[in-house]
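S.K.: Input file: upload27.pdb. Contents: PDB, C-alpha atoms and all ligand atoms.
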```
ATOM      1  CA  MET Z   1     -33.159  20.568 -20.292
ATOM      2  CA  GLN Z   2     -32.806  16.816 -20.768
ATOM      3  CA  LEU Z   3     -31.937  14.430 -17.957
ATOM      4  CA  ILE Z   4     -29.181  11.941 -18.699
ATOM      5  CA  ASP Z   5     -30.636   8.733 -17.328
ATOM      6  CA  GLY Z   6     -27.686   6.583 -16.295
ATOM      7  CA  LYS Z   7     -29.940   4.019 -14.713
ATOM      8  CA  LYS Z   8     -31.774   3.429 -17.991
ATOM      9  CA  ILE Z   9     -28.609   3.351 -20.128
ATOM     10  CA  GLY Z  10     -26.926   1.096 -17.573
ATOM     11  CA  GLU Z  11     -29.838  -1.370 -17.743
ATOM     12  CA  GLU Z  12     -29.761  -1.304 -21.567
ATOM     13  CA  ILE Z  13     -26.053  -2.107 -21.638
ATOM     14  CA  LYS Z  14     -26.437  -4.830 -19.017
ATOM     15  CA  LYS Z  15     -29.124  -6.403 -21.215
ATOM     16  CA  GLU Z  16     -26.736  -6.321 -24.188
ATOM     17  CA  ILE Z  17     -24.012  -7.944 -22.061
ATOM     18  CA  ALA Z  18     -26.455 -10.591 -20.782
ATOM     19  CA  GLU Z  19     -27.363 -11.530 -24.361
ATOM     20  CA  ARG Z  20     -23.704 -11.999 -25.267
ATOM     21  CA  VAL Z  21     -23.115 -14.081 -22.127
ATOM     22  CA  ALA Z  22     -26.161 -16.256 -22.889
ATOM     23  CA  ALA Z  23     -24.721 -16.976 -26.355
ATOM     24  CA  ILE Z  24     -21.377 -18.003 -24.785
ATOM     25  CA  ILE Z  25     -23.112 -20.348 -22.344
ATOM     26  CA  ASP Z  26     -25.328 -21.752 -25.115
ATOM     27  CA  ALA Z  27     -22.157 -22.576 -27.043
ATOM     28  CA  GLY Z  28     -21.040 -24.645 -24.030
ATOM     29  CA  ASP Z  29     -18.323 -22.254 -22.851
ATOM     30  CA  GLU Z  30     -17.666 -20.724 -19.439
ATOM     31  CA  PRO Z  31     -18.900 -17.132 -18.957
ATOM     32  CA  PRO Z  32     -16.530 -14.236 -18.092
ATOM     33  CA  HIS Z  33     -15.291 -14.320 -14.487
ATOM     34  CA  LEU Z  34     -14.745 -11.145 -12.453
ATOM     35  CA  ALA Z  35     -13.091 -11.488  -9.040
ATOM     36  CA  ALA Z  36     -12.588  -8.948  -6.270
ATOM     37  CA  ILE Z  37     -10.342  -8.718  -3.227
ATOM     38  CA  LEU Z  38     -11.988  -7.057  -0.248
ATOM     39  CA  VAL Z  39     -10.054  -6.274   2.928
ATOM     40  CA  GLY Z  40     -11.782  -5.144   6.137
ATOM     41  CA  GLU Z  41     -15.264  -3.912   6.956
ATOM     42  CA  ASP Z  42     -15.457  -0.479   5.248
ATOM     43  CA  ALA Z  43     -19.205   0.074   4.696
ATOM     44  CA  ALA Z  44     -18.913   1.824   1.305
ATOM     45  CA  SER Z  45     -16.572  -0.922   0.042
ATOM     46  CA  GLN Z  46     -18.966  -3.654   1.196
ATOM     47  CA  THR Z  47     -21.830  -1.899  -0.617
ATOM     48  CA  TYR Z  48     -19.811  -1.540  -3.819
ATOM     49  CA  ILE Z  49     -18.711  -5.170  -3.793
ATOM     50  CA  ALA Z  50     -22.277  -6.334  -3.094
ATOM     51  CA  SER Z  51     -23.577  -4.340  -6.081
ATOM     52  CA  LYS Z  52     -20.747  -5.708  -8.239
ATOM     53  CA  GLU Z  53     -21.824  -9.231  -7.290
ATOM     54  CA  ARG Z  54     -25.466  -8.437  -8.081
ATOM     55  CA  ALA Z  55     -24.497  -6.938 -11.463
ATOM     56  CA  CYS Z  56     -22.398 -10.007 -12.337
ATOM     57  CA  LYS Z  57     -25.267 -12.296 -11.430
ATOM     58  CA  ALA Z  58     -27.717 -10.215 -13.475
ATOM     59  CA  VAL Z  59     -25.658 -10.552 -16.681
ATOM     60  CA  GLY Z  60     -24.544 -14.158 -16.095
ATOM     61  CA  PHE Z  61     -20.879 -13.510 -15.227
ATOM     62  CA  THR Z  62     -19.143 -15.668 -12.664
ATOM     63  CA  SER Z  63     -18.290 -13.518  -9.650
ATOM     64  CA  SER Z  64     -16.038 -14.296  -6.720
ATOM     65  CA  VAL Z  65     -14.950 -12.250  -3.725
ATOM     66  CA  TYR Z  66     -11.808 -12.940  -1.695
ATOM     67  CA  ARG Z  67     -12.509 -11.457   1.749
ATOM     68  CA  TYR Z  68      -9.812 -10.807   4.358
ATOM     69  CA  ASN Z  69      -9.634  -9.243   7.784
ATOM     70  CA  ASN Z  70      -7.908  -5.905   8.303
ATOM     71  CA  ASP Z  71      -4.873  -7.635   9.810
ATOM     72  CA  ILE Z  72      -3.863  -9.402   6.588
ATOM     73  CA  SER Z  73      -0.197  -8.663   5.896
ATOM     74  CA  GLU Z  74       1.025  -6.965   2.737
ATOM     75  CA  LYS Z  75       2.905 -10.127   1.795
ATOM     76  CA  GLN Z  76      -0.239 -12.276   2.189
ATOM     77  CA  LEU Z  77      -2.234  -9.836   0.059
ATOM     78  CA  LEU Z  78       0.440  -9.814  -2.656
ATOM     79  CA  ASP Z  79       0.258 -13.626  -2.652
ATOM     80  CA  VAL Z  80      -3.499 -13.419  -3.288
ATOM     81  CA  VAL Z  81      -2.849 -11.031  -6.205
ATOM     82  CA  ASP Z  82      -0.278 -13.476  -7.600
ATOM     83  CA  PHE Z  83      -2.761 -16.314  -7.200
ATOM     84  CA  LEU Z  84      -5.436 -14.444  -9.183
ATOM     85  CA  ASN Z  85      -2.875 -13.310 -11.786
ATOM     86  CA  ASN Z  86      -2.143 -16.981 -12.418
ATOM     87  CA  ASP Z  87      -5.667 -18.393 -12.135
ATOM     88  CA  PRO Z  88      -6.738 -19.190 -15.709
ATOM     89  CA  ASP Z  89     -10.398 -19.245 -14.627
ATOM     90  CA  VAL Z  90     -10.337 -15.549 -13.640
ATOM     91  CA  ASN Z  91     -10.471 -13.080 -16.547
ATOM     92  CA  GLY Z  92     -10.144  -9.911 -14.496
ATOM     93  CA  PHE Z  93     -10.100  -8.746 -10.873
ATOM     94  CA  ILE Z  94     -10.130  -5.647  -8.741
ATOM     95  CA  VAL Z  95      -8.605  -4.817  -5.380
ATOM     96  CA  GLN Z  96     -11.177  -2.767  -3.506
ATOM     97  CA  LEU Z  97      -9.749   0.448  -2.047
ATOM     98  CA  PRO Z  98      -9.068   1.761   0.516
ATOM     99  CA  LEU Z  99      -6.679  -0.833   1.939
ATOM    100  CA  PRO Z 100      -5.569  -0.709   5.611
ATOM    101  CA  GLY Z 101      -2.803   1.785   6.365
ATOM    102  CA  HIS Z 102      -0.070  -0.858   6.856
ATOM    103  CA  ILE Z 103      -0.464  -1.979   3.221
ATOM    104  CA  ASP Z 104       1.083  -0.030   0.356
ATOM    105  CA  SER Z 105      -1.853   0.286  -2.083
ATOM    106  CA  ASP Z 106       0.397   1.297  -4.994
ATOM    107  CA  LYS Z 107       2.538  -1.796  -4.497
ATOM    108  CA  VAL Z 108      -0.546  -4.032  -4.513
ATOM    109  CA  LEU Z 109      -2.113  -2.370  -7.576
ATOM    110  CA  GLN Z 110       1.180  -2.560  -9.463
ATOM    111  CA  ARG Z 111       1.407  -6.282  -8.748
ATOM    112  CA  ILE Z 112      -1.787  -6.932 -10.777
ATOM    113  CA  ASN Z 113      -1.159  -8.361 -14.236
ATOM    114  CA  PRO Z 114      -2.127  -5.424 -16.546
ATOM    115  CA  ALA Z 115      -4.090  -7.905 -18.695
ATOM    116  CA  LYS Z 116      -6.354  -8.630 -15.690
ATOM    117  CA  ASP Z 117      -6.449  -5.060 -14.340
ATOM    118  CA  VAL Z 118     -10.093  -4.345 -15.166
ATOM    119  CA  ASP Z 119     -10.123  -1.260 -12.898
ATOM    120  CA  GLY Z 120      -7.508   0.258 -15.223
ATOM    121  CA  PHE Z 121      -5.346   1.542 -12.343
ATOM    122  CA  HIS Z 122      -2.076  -0.218 -13.258
ATOM    123  CA  PRO Z 123       0.585   2.201 -14.625
ATOM    124  CA  VAL Z 124       0.709   0.211 -17.870
ATOM    125  CA  ASN Z 125      -3.007   0.766 -18.461
ATOM    126  CA  VAL Z 126      -2.810   4.410 -17.363
ATOM    127  CA  GLY Z 127       0.144   4.904 -19.735
ATOM    128  CA  ARG Z 128      -1.728   3.254 -22.597
ATOM    129  CA  LEU Z 129      -4.693   5.538 -21.914
ATOM    130  CA  ALA Z 130      -2.422   8.595 -21.976
ATOM    131  CA  LEU Z 131      -0.930   7.465 -25.294
ATOM    132  CA  GLY Z 132      -4.350   6.852 -26.840
ATOM    133  CA  LEU Z 133      -3.720   3.093 -27.087
ATOM    134  CA  PRO Z 134      -6.435   0.524 -26.317
ATOM    135  CA  SER Z 135      -6.565  -0.059 -22.559
ATOM    136  CA  TYR Z 136      -8.912  -0.804 -19.710
ATOM    137  CA  LEU Z 137     -10.442   2.591 -18.967
ATOM    138  CA  PRO Z 138     -11.121   3.498 -15.330
ATOM    139  CA  ALA Z 139     -14.779   2.666 -14.754
ATOM    140  CA  THR Z 140     -16.259   6.047 -13.876
ATOM    141  CA  PRO Z 141     -14.739   8.087 -16.747
ATOM    142  CA  ALA Z 142     -15.547   5.225 -19.137
ATOM    143  CA  GLY Z 143     -19.162   5.304 -17.928
ATOM    144  CA  ILE Z 144     -19.347   9.044 -18.597
ATOM    145  CA  MET Z 145     -17.996   8.544 -22.138
ATOM    146  CA  LEU Z 146     -20.735   5.947 -22.704
ATOM    147  CA  LEU Z 147     -23.411   8.370 -21.499
ATOM    148  CA  LEU Z 148     -22.153  11.118 -23.839
ATOM    149  CA  GLU Z 149     -22.083   8.642 -26.715
ATOM    150  CA  ARG Z 150     -25.512   7.137 -26.105
ATOM    151  CA  TYR Z 151     -27.133  10.572 -25.752
ATOM    152  CA  GLY Z 152     -25.437  11.722 -28.977
ATOM    153  CA  ILE Z 153     -23.915  14.725 -27.218
ATOM    154  CA  GLU Z 154     -21.585  16.625 -29.559
ATOM    155  CA  THR Z 155     -18.177  17.097 -27.944
ATOM    156  CA  GLU Z 156     -15.892  17.956 -30.882
ATOM    157  CA  GLY Z 157     -14.372  21.417 -30.545
ATOM    158  CA  LYS Z 158     -16.220  22.078 -27.284
ATOM    159  CA  HIS Z 159     -14.623  23.463 -24.159
ATOM    160  CA  CYS Z 160     -14.749  20.777 -21.467
ATOM    161  CA  VAL Z 161     -13.940  21.823 -17.912
ATOM    162  CA  VAL Z 162     -13.155  18.990 -15.507
ATOM    163  CA  LEU Z 163     -13.300  19.807 -11.790
ATOM    164  CA  GLY Z 164     -10.972  17.504  -9.860
ATOM    165  CA  ARG Z 165      -7.717  15.756 -10.803
ATOM    166  CA  SER Z 166      -7.920  12.420  -8.981
ATOM    167  CA  ASN Z 167      -6.297   9.409 -10.600
ATOM    168  CA  ILE Z 168      -9.596   7.534 -10.755
ATOM    169  CA  VAL Z 169     -11.871  10.263 -12.130
ATOM    170  CA  GLY Z 170     -10.634  13.773 -13.005
ATOM    171  CA  THR Z 171      -7.277  13.051 -14.635
ATOM    172  CA  PRO Z 172      -8.394  10.126 -16.853
ATOM    173  CA  MET Z 173     -11.579  12.068 -17.691
ATOM    174  CA  SER Z 174      -9.524  15.003 -18.928
ATOM    175  CA  LEU Z 175      -7.370  12.660 -21.038
ATOM    176  CA  LEU Z 176     -10.382  10.944 -22.595
ATOM    177  CA  MET Z 177     -12.136  14.208 -23.459
ATOM    178  CA  SER Z 178      -9.006  15.584 -25.131
ATOM    179  CA  ARG Z 179      -8.369  12.401 -27.159
ATOM    180  CA  LYS Z 180      -8.757  12.358 -30.924
ATOM    181  CA  SER Z 181     -11.991  10.367 -30.678
ATOM    182  CA  LYS Z 182     -15.760  10.534 -30.570
ATOM    183  CA  PRO Z 183     -16.751  11.456 -27.900
ATOM    184  CA  GLY Z 184     -13.598  13.507 -27.373
ATOM    185  CA  ASN Z 185     -11.787  16.164 -29.417
ATOM    186  CA  CYS Z 186     -12.546  18.734 -26.715
ATOM    187  CA  THR Z 187     -10.392  21.580 -25.552
ATOM    188  CA  VAL Z 188      -9.964  20.589 -21.916
ATOM    189  CA  THR Z 189      -9.303  22.620 -18.792
ATOM    190  CA  LEU Z 190      -8.522  20.601 -15.663
ATOM    191  CA  CYS Z 191      -9.229  22.418 -12.386
ATOM    192  CA  HIS Z 192      -8.268  21.527  -8.821
ATOM    193  CA  SER Z 193      -8.106  23.034  -5.353
ATOM    194  CA  LYS Z 194      -5.342  25.474  -6.318
ATOM    195  CA  THR Z 195      -7.182  26.800  -9.393
ATOM    196  CA  GLN Z 196      -7.804  30.534  -9.201
ATOM    197  CA  ASN Z 197     -11.033  32.181 -10.393
ATOM    198  CA  LEU Z 198     -12.732  28.799 -10.669
ATOM    199  CA  ALA Z 199     -16.183  30.240 -11.450
ATOM    200  CA  GLU Z 200     -14.730  32.279 -14.340
ATOM    201  CA  ILE Z 201     -13.445  29.054 -15.860
ATOM    202  CA  THR Z 202     -16.529  26.909 -15.216
ATOM    203  CA  LYS Z 203     -18.699  29.607 -16.825
ATOM    204  CA  GLN Z 204     -16.787  29.030 -20.088
ATOM    205  CA  ALA Z 205     -17.577  25.312 -20.111
ATOM    206  CA  ASP Z 206     -19.727  23.797 -22.841
ATOM    207  CA  ILE Z 207     -19.309  20.538 -20.937
ATOM    208  CA  LEU Z 208     -18.717  20.700 -17.186
ATOM    209  CA  ILE Z 209     -17.680  17.536 -15.346
ATOM    210  CA  ALA Z 210     -17.735  17.932 -11.567
ATOM    211  CA  ALA Z 211     -15.672  15.441  -9.554
ATOM    212  CA  ILE Z 212     -14.451  17.413  -6.559
ATOM    213  CA  GLY Z 213     -16.120  15.600  -3.670
ATOM    214  CA  GLN Z 214     -17.793  18.750  -2.280
ATOM    215  CA  PRO Z 215     -21.599  18.534  -1.837
ATOM    216  CA  GLU Z 216     -23.506  20.910  -4.159
ATOM    217  CA  TYR Z 217     -20.392  23.015  -4.760
ATOM    218  CA  VAL Z 218     -21.334  23.953  -8.338
ATOM    219  CA  LYS Z 219     -23.972  26.715  -8.216
ATOM    220  CA  ALA Z 220     -26.136  28.104 -11.013
ATOM    221  CA  ASP Z 221     -24.010  31.245 -11.419
ATOM    222  CA  MET Z 222     -20.964  29.027 -12.195
ATOM    223  CA  VAL Z 223     -22.650  27.421 -15.222
ATOM    224  CA  LYS Z 224     -23.139  28.760 -18.754
ATOM    225  CA  ALA Z 225     -26.673  28.618 -20.198
ATOM    226  CA  GLY Z 226     -27.012  25.525 -22.373
ATOM    227  CA  ALA Z 227     -24.058  23.674 -20.846
ATOM    228  CA  VAL Z 228     -23.888  19.892 -20.458
ATOM    229  CA  VAL Z 229     -23.292  19.128 -16.774
ATOM    230  CA  ILE Z 230     -22.007  15.762 -15.575
ATOM    231  CA  ASP Z 231     -22.116  15.325 -11.812
ATOM    232  CA  VAL Z 232     -19.790  12.612 -10.511
ATOM    233  CA  GLY Z 233     -20.104  13.434  -6.795
ATOM    234  CA  ILE Z 234     -21.930  11.180  -4.369
ATOM    235  CA  HIS Z 235     -22.700  12.473  -0.871
ATOM    236  CA  ARG Z 236     -24.959  11.085   1.804
ATOM    237  CA  ILE Z 237     -26.468  14.053   3.637
ATOM    238  CA  GLU Z 238     -28.315  13.461   6.899
ATOM    239  CA  ASP Z 239     -31.768  15.020   7.103
ATOM    240  CA  SER Z 240     -35.090  14.733   8.950
ATOM    241  CA  SER Z 241     -36.707  12.472   6.343
ATOM    242  CA  GLU Z 242     -37.970   8.997   7.188
ATOM    243  CA  LYS Z 243     -34.777   7.503   5.741
ATOM    244  CA  GLY Z 244     -32.679   9.960   7.711
ATOM    245  CA  TYR Z 245     -30.571  11.024   4.727
ATOM    246  CA  HIS Z 246     -30.615  11.915   1.054
ATOM    247  CA  ILE Z 247     -28.033  11.533  -1.695
ATOM    248  CA  THR Z 248     -26.678  14.555  -3.500
ATOM    249  CA  GLY Z 249     -23.831  15.331  -5.888
ATOM    250  CA  ASP Z 250     -21.169  17.987  -6.446
ATOM    251  CA  VAL Z 251     -23.751  20.143  -8.266
ATOM    252  CA  GLU Z 252     -26.687  22.067  -6.783
ATOM    253  CA  PHE Z 253     -29.094  20.211  -9.038
ATOM    254  CA  GLU Z 254     -32.354  22.142  -8.516
ATOM    255  CA  ALA Z 255     -30.755  25.506  -9.337
ATOM    256  CA  VAL Z 256     -28.368  24.334 -12.075
ATOM    257  CA  ALA Z 257     -30.625  21.940 -14.034
ATOM    258  CA  PRO Z 258     -32.898  24.603 -15.607
ATOM    259  CA  LYS Z 259     -29.820  26.259 -17.198
ATOM    260  CA  CYS Z 260     -28.469  23.088 -18.813
ATOM    261  CA  SER Z 261     -29.019  21.380 -22.133
ATOM    262  CA  PHE Z 262     -28.245  18.036 -20.457
ATOM    263  CA  ILE Z 263     -27.526  17.108 -16.855
ATOM    264  CA  THR Z 264     -26.962  13.891 -14.896
ATOM    265  CA  PRO Z 265     -29.024  13.491 -11.721
ATOM    266  CA  VAL Z 266     -27.590  12.119  -8.476
ATOM    267  CA  PRO Z 267     -28.475   9.374  -7.840
ATOM    268  CA  GLY Z 268     -29.243   7.713 -11.168
ATOM    269  CA  GLY Z 269     -26.731   9.480 -13.435
ATOM    270  CA  VAL Z 270     -23.045   8.564 -13.446
ATOM    271  CA  GLY Z 271     -23.259   6.113 -10.521
ATOM    272  CA  PRO Z 272     -25.001   3.199 -12.269
ATOM    273  CA  MET Z 273     -22.537   3.416 -15.186
ATOM    274  CA  THR Z 274     -19.470   2.652 -13.077
ATOM    275  CA  ILE Z 275     -20.283  -1.015 -12.522
ATOM    276  CA  VAL Z 276     -21.448  -1.386 -16.121
ATOM    277  CA  SER Z 277     -18.016  -0.171 -17.276
ATOM    278  CA  LEU Z 278     -16.356  -2.726 -15.016
ATOM    279  CA  LEU Z 279     -18.458  -5.464 -16.632
ATOM    280  CA  LEU Z 280     -17.453  -4.202 -20.093
ATOM    281  CA  ASN Z 281     -13.774  -4.216 -19.110
ATOM    282  CA  THR Z 282     -14.181  -7.796 -17.889
ATOM    283  CA  PHE Z 283     -15.634  -8.726 -21.253
ATOM    284  CA  LYS Z 284     -12.614  -7.112 -22.948
ATOM    285  CA  ALA Z 285     -10.369  -9.252 -20.739
ATOM    286  CA  PHE Z 286     -12.403 -12.362 -21.576
ATOM    287  CA  ASP Z 287     -12.110 -11.555 -25.302
ATOM    288  CA  HIS Z 288      -8.347 -10.777 -25.006
ATOM    289  CA  GLU Z 289      -9.269  -7.554 -26.774
ATOM    290  CA  ILE Z 290      -6.389  -5.496 -25.365
ATOM    291  CA  TYR Z 291      -3.724  -8.057 -24.428
ATOM    292  CA  SER Z 292      -3.614 -11.161 -26.578
TER
HETATM  293  P1  LIG V 301     -10.810  13.058  -4.667
HETATM  294  O1  LIG V 301      -9.788  12.010  -4.854
HETATM  295  O2  LIG V 301     -11.159  13.543  -3.307
HETATM  296  O3  LIG V 301     -10.380  14.309  -5.564
HETATM  297  C1  LIG V 301     -11.077  15.507  -5.501
HETATM  298  C2  LIG V 301     -10.437  16.479  -6.460
HETATM  299  O4  LIG V 301     -11.183  17.684  -6.400
HETATM  300  C3  LIG V 301      -8.985  16.824  -6.155
HETATM  301  O5  LIG V 301      -8.267  16.904  -7.348
HETATM  302  C4  LIG V 301      -9.090  18.186  -5.477
HETATM  303  O6  LIG V 301      -7.976  19.036  -5.748
HETATM  304  C5  LIG V 301     -10.295  18.778  -6.143
HETATM  305  N1  LIG V 301     -10.997  19.751  -5.293
HETATM  306  C6  LIG V 301     -11.440  19.565  -4.032
HETATM  307  N2  LIG V 301     -12.027  20.691  -3.599
HETATM  308  C7  LIG V 301     -11.956  21.597  -4.592
HETATM  309  C8  LIG V 301     -12.384  22.936  -4.745
HETATM  310  N3  LIG V 301     -13.024  23.589  -3.783
HETATM  311  N4  LIG V 301     -12.146  23.551  -5.920
HETATM  312  C9  LIG V 301     -11.507  22.914  -6.924
HETATM  313  N5  LIG V 301     -11.076  21.641  -6.840
HETATM  314  C10 LIG V 301     -11.294  20.987  -5.686
HETATM  315  O7  LIG V 301     -12.219  12.631  -5.299
HETATM  316  P2  LIG V 301     -12.611  11.530  -6.403
HETATM  317  O8  LIG V 301     -12.252  10.186  -5.916
HETATM  318  O9  LIG V 301     -12.187  11.979  -7.746
HETATM  319  O10 LIG V 301     -14.202  11.662  -6.284
HETATM  320  C11 LIG V 301     -14.867  12.883  -6.523
HETATM  321  C12 LIG V 301     -16.335  12.715  -6.194
HETATM  322  O11 LIG V 301     -16.882  11.714  -7.055
HETATM  323  C13 LIG V 301     -16.630  12.212  -4.778
HETATM  324  O12 LIG V 301     -17.836  12.784  -4.334
HETATM  325  C14 LIG V 301     -16.780  10.711  -4.953
HETATM  326  O13 LIG V 301     -17.606  10.149  -3.955
HETATM  327  C15 LIG V 301     -17.441  10.661  -6.292
HETATM  328  N6  LIG V 301     -17.206   9.421  -7.042
HETATM  329  C16 LIG V 301     -18.286   8.881  -7.654
HETATM  330  C17 LIG V 301     -18.139   7.757  -8.434
HETATM  331  C18 LIG V 301     -19.340   7.200  -9.122
HETATM  332  O14 LIG V 301     -19.354   6.033  -9.455
HETATM  333  N7  LIG V 301     -20.349   8.026  -9.382
HETATM  334  C19 LIG V 301     -16.885   7.158  -8.576
HETATM  335  C20 LIG V 301     -15.776   7.751  -7.961
HETATM  336  C21 LIG V 301     -15.963   8.895  -7.209
HETATM  337  P3  LIG V 301      -6.458  18.703  -5.244
HETATM  338  O15 LIG V 301      -5.957  17.675  -6.197
HETATM  339  O16 LIG V 301      -5.761  20.002  -5.391
HETATM  340  O17 LIG V 301      -6.601  18.215  -3.842
END
```
Could you spell out this file's structure in structure tokens?
M.R.:
Amino acid sequence: MQLIDGKKIGEEIKKEIAERVAAIIDAGDEPPHLAAILVGEDAASQTYIASKERACKAVGFTSSVYRYNNDISEKQLLDVVDFLNNDPDVNGFIVQLPLPGHIDSDKVLQRINPAKDVDGFHPVNVGRLALGLPSYLPATPAGIMLLLERYGIETEGKHCVVLGRSNIVGTPMSLLMSRKSKPGNCTVTLCHSKTQNLAEITKQADILIAAIGQPEYVKADMVKAGAVVIDVGIHRIEDSSEKGYHITGDVEFEAVAPKCSFITPVPGGVGPMTIVSLLLNTFKAFDHEIYS
């Protein structure tokens, strides 16, 4: 069994990005600029935005955060989106979810200029992904594709089972793995909460990608010997340790790992790749790689 070290790969890619940014600055140009809109005090959102800011700083990107209280109106938020859409100094931006209940998240996300939509959630980018056209890929699935690529994991002709069909992870993951590409070219089965005989299906997986949001749901008897297991889940479980909690994934790691050819740990597997993918999307925006 080989561990897929997302932390290490993430650091390698950040170093590559930093070198490119240094060359841009040396040439006297402005570095890429990633902005974020953050509404309210949600703890997980604050943590994510703080790590985004740290990652930007580490590679030399300009980073800005537009913070608002929970009582911001939908109209005011749409005005901020318009402002960033039109700000020539901002290459790409994200709207951190969740938004307060009185704001229609879809309306806000659809207001983002697709050329600046580095989260890849705008219908134009999702449509381009579905058609196999160049687009900003959602960060977590893109990070998983990078891990498969960097570890040289063969995917062509393999059976990939994706657990979970969310718009940000499971569905785009299934599209990417079925694309005519490398990594890709898999036969994909997409499972969800209404799937029957789930274990029978997961046992057929050469590559199993778990994104169901259920702590340690995937047990050893659901996994084929020699499978590649990618664990997207992140769960904070309270315990009696000094810290008072530990982090676990959607896979029961200790029992499943010995059966696998490759497996991502949690933490340190998929997680660190998500922000790296966001940085790469920002670079694509800076380079006008997708929208000229
Ligand atoms: P989500 O929106 O809650 O979607 C979960 C999906 O799993 C749904 O499609 C649901 O089916 C399905 N599901 C739930 N229970 C199931 C069961 N018992 N059997 C089969 N399918 C089941 O979750 P998400 O946003 O995709 O996130 C999934 C996990 O990844 C979470 O733990 C999240 O914290 C983590 N995550 C990690 C990163 C990262 O950077 N590492 C990024 C994003 C998310 P239905 O559609 O039928 O409801």
S.K.: Within 9 Å of ligand LIG 301 (chain V) (counting all atoms listed in the file), which residues show up? I'd like them as an MDAnalysis selection string.
M.R.: chainID Z and resid 139:141 143 163:171 191:196 198 210:215 217 231:235 249:250 266:267 269:275
S.K.: Mind giving me the straight-line distance from CA of Tyr136 (chain Z) to CA of Asn281 (chain Z) in Å, one decimal?
M.R.: 6.0 Å
S.K.: Which is closer to Gly268 (chain Z) than all the others in Z:Ile230, Z:Ile94, Z:Val188, Z:Ala18, using all atoms listed in the file?
M.R.: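 Under the stated criterion, the closest residue is Z:Ile230.
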S.K.: So that I can see what lies close to Phe262 (chain Z), please list as a ChimeraX atom specification the residues with an atom at most 8 Å from it, counting all atoms listed in the file and leaving out residues fewer than 6 positions away in the same chain.
M.R.: /Z:1-4,226-229
S.K.: Keeping only C-alpha atoms, write those residues as a compact mmCIF listing (two decimals), in the coordinates of the input.
M.R.:
```
# COMPACT_ATOMS: atom_id res chain seq x y z
CA MET Z 1 -33.16 20.57 -20.29
CA GLN Z 2 -32.81 16.82 -20.77
CA LEU Z 3 -31.94 14.43 -17.96
CA ILE Z 4 -29.18 11.94 -18.70
CA GLY Z 226 -27.01 25.52 -22.37
CA ALA Z 227 -24.06 23.67 -20.85
CA VAL Z 228 -23.89 19.89 -20.46
CA VAL Z 229 -23.29 19.13 -16.77
```
S.K.: With all atoms listed in the file as the atoms that count, which of Z:Ile237, Z:Ile17, Z:Val90, Z:Ile112 lies nearest to Glu30 (chain Z)?
M.R.: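 Looking at the shortest contact to Glu30 (chain Z), the residue is Z:Val90.
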S.K.: From the list Z:Gly40, Z:Pro114, Z:Gly152, Z:Pro32, which residue is nearest Gly60 (chain Z) when using all atoms listed in the file?
M.R.: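 Looking only at the distances to Gly60 (chain Z), the closest residue turns out to be Z:Pro32.
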S.K.: Contacts of Arg111 (chain Z) at 12 Å or less, counting all atoms listed in the file, minus same-chain residues fewer than 6 places along, as a PyMOL selection string?
M.R.: chain Z and resi 74-75+77-86+93-95+104-105+117+121-124
S.K.: Check the smallest atom-to-atom distance from each of Z:Ile144, Z:Ser241, Z:Leu278, Z:Phe286 to Asp29 (chain Z) using only C-alpha atoms, then report the winner.
M.R.: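 Under the stated criterion, the closest residue is Z:Phe286.
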S.K.: Between CA of Lys57 (chain Z) and CA of Ala22 (chain Z), what is the distance, to one decimal in Å?
M.R.: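 These atoms are spaced 12.2 Å apart.
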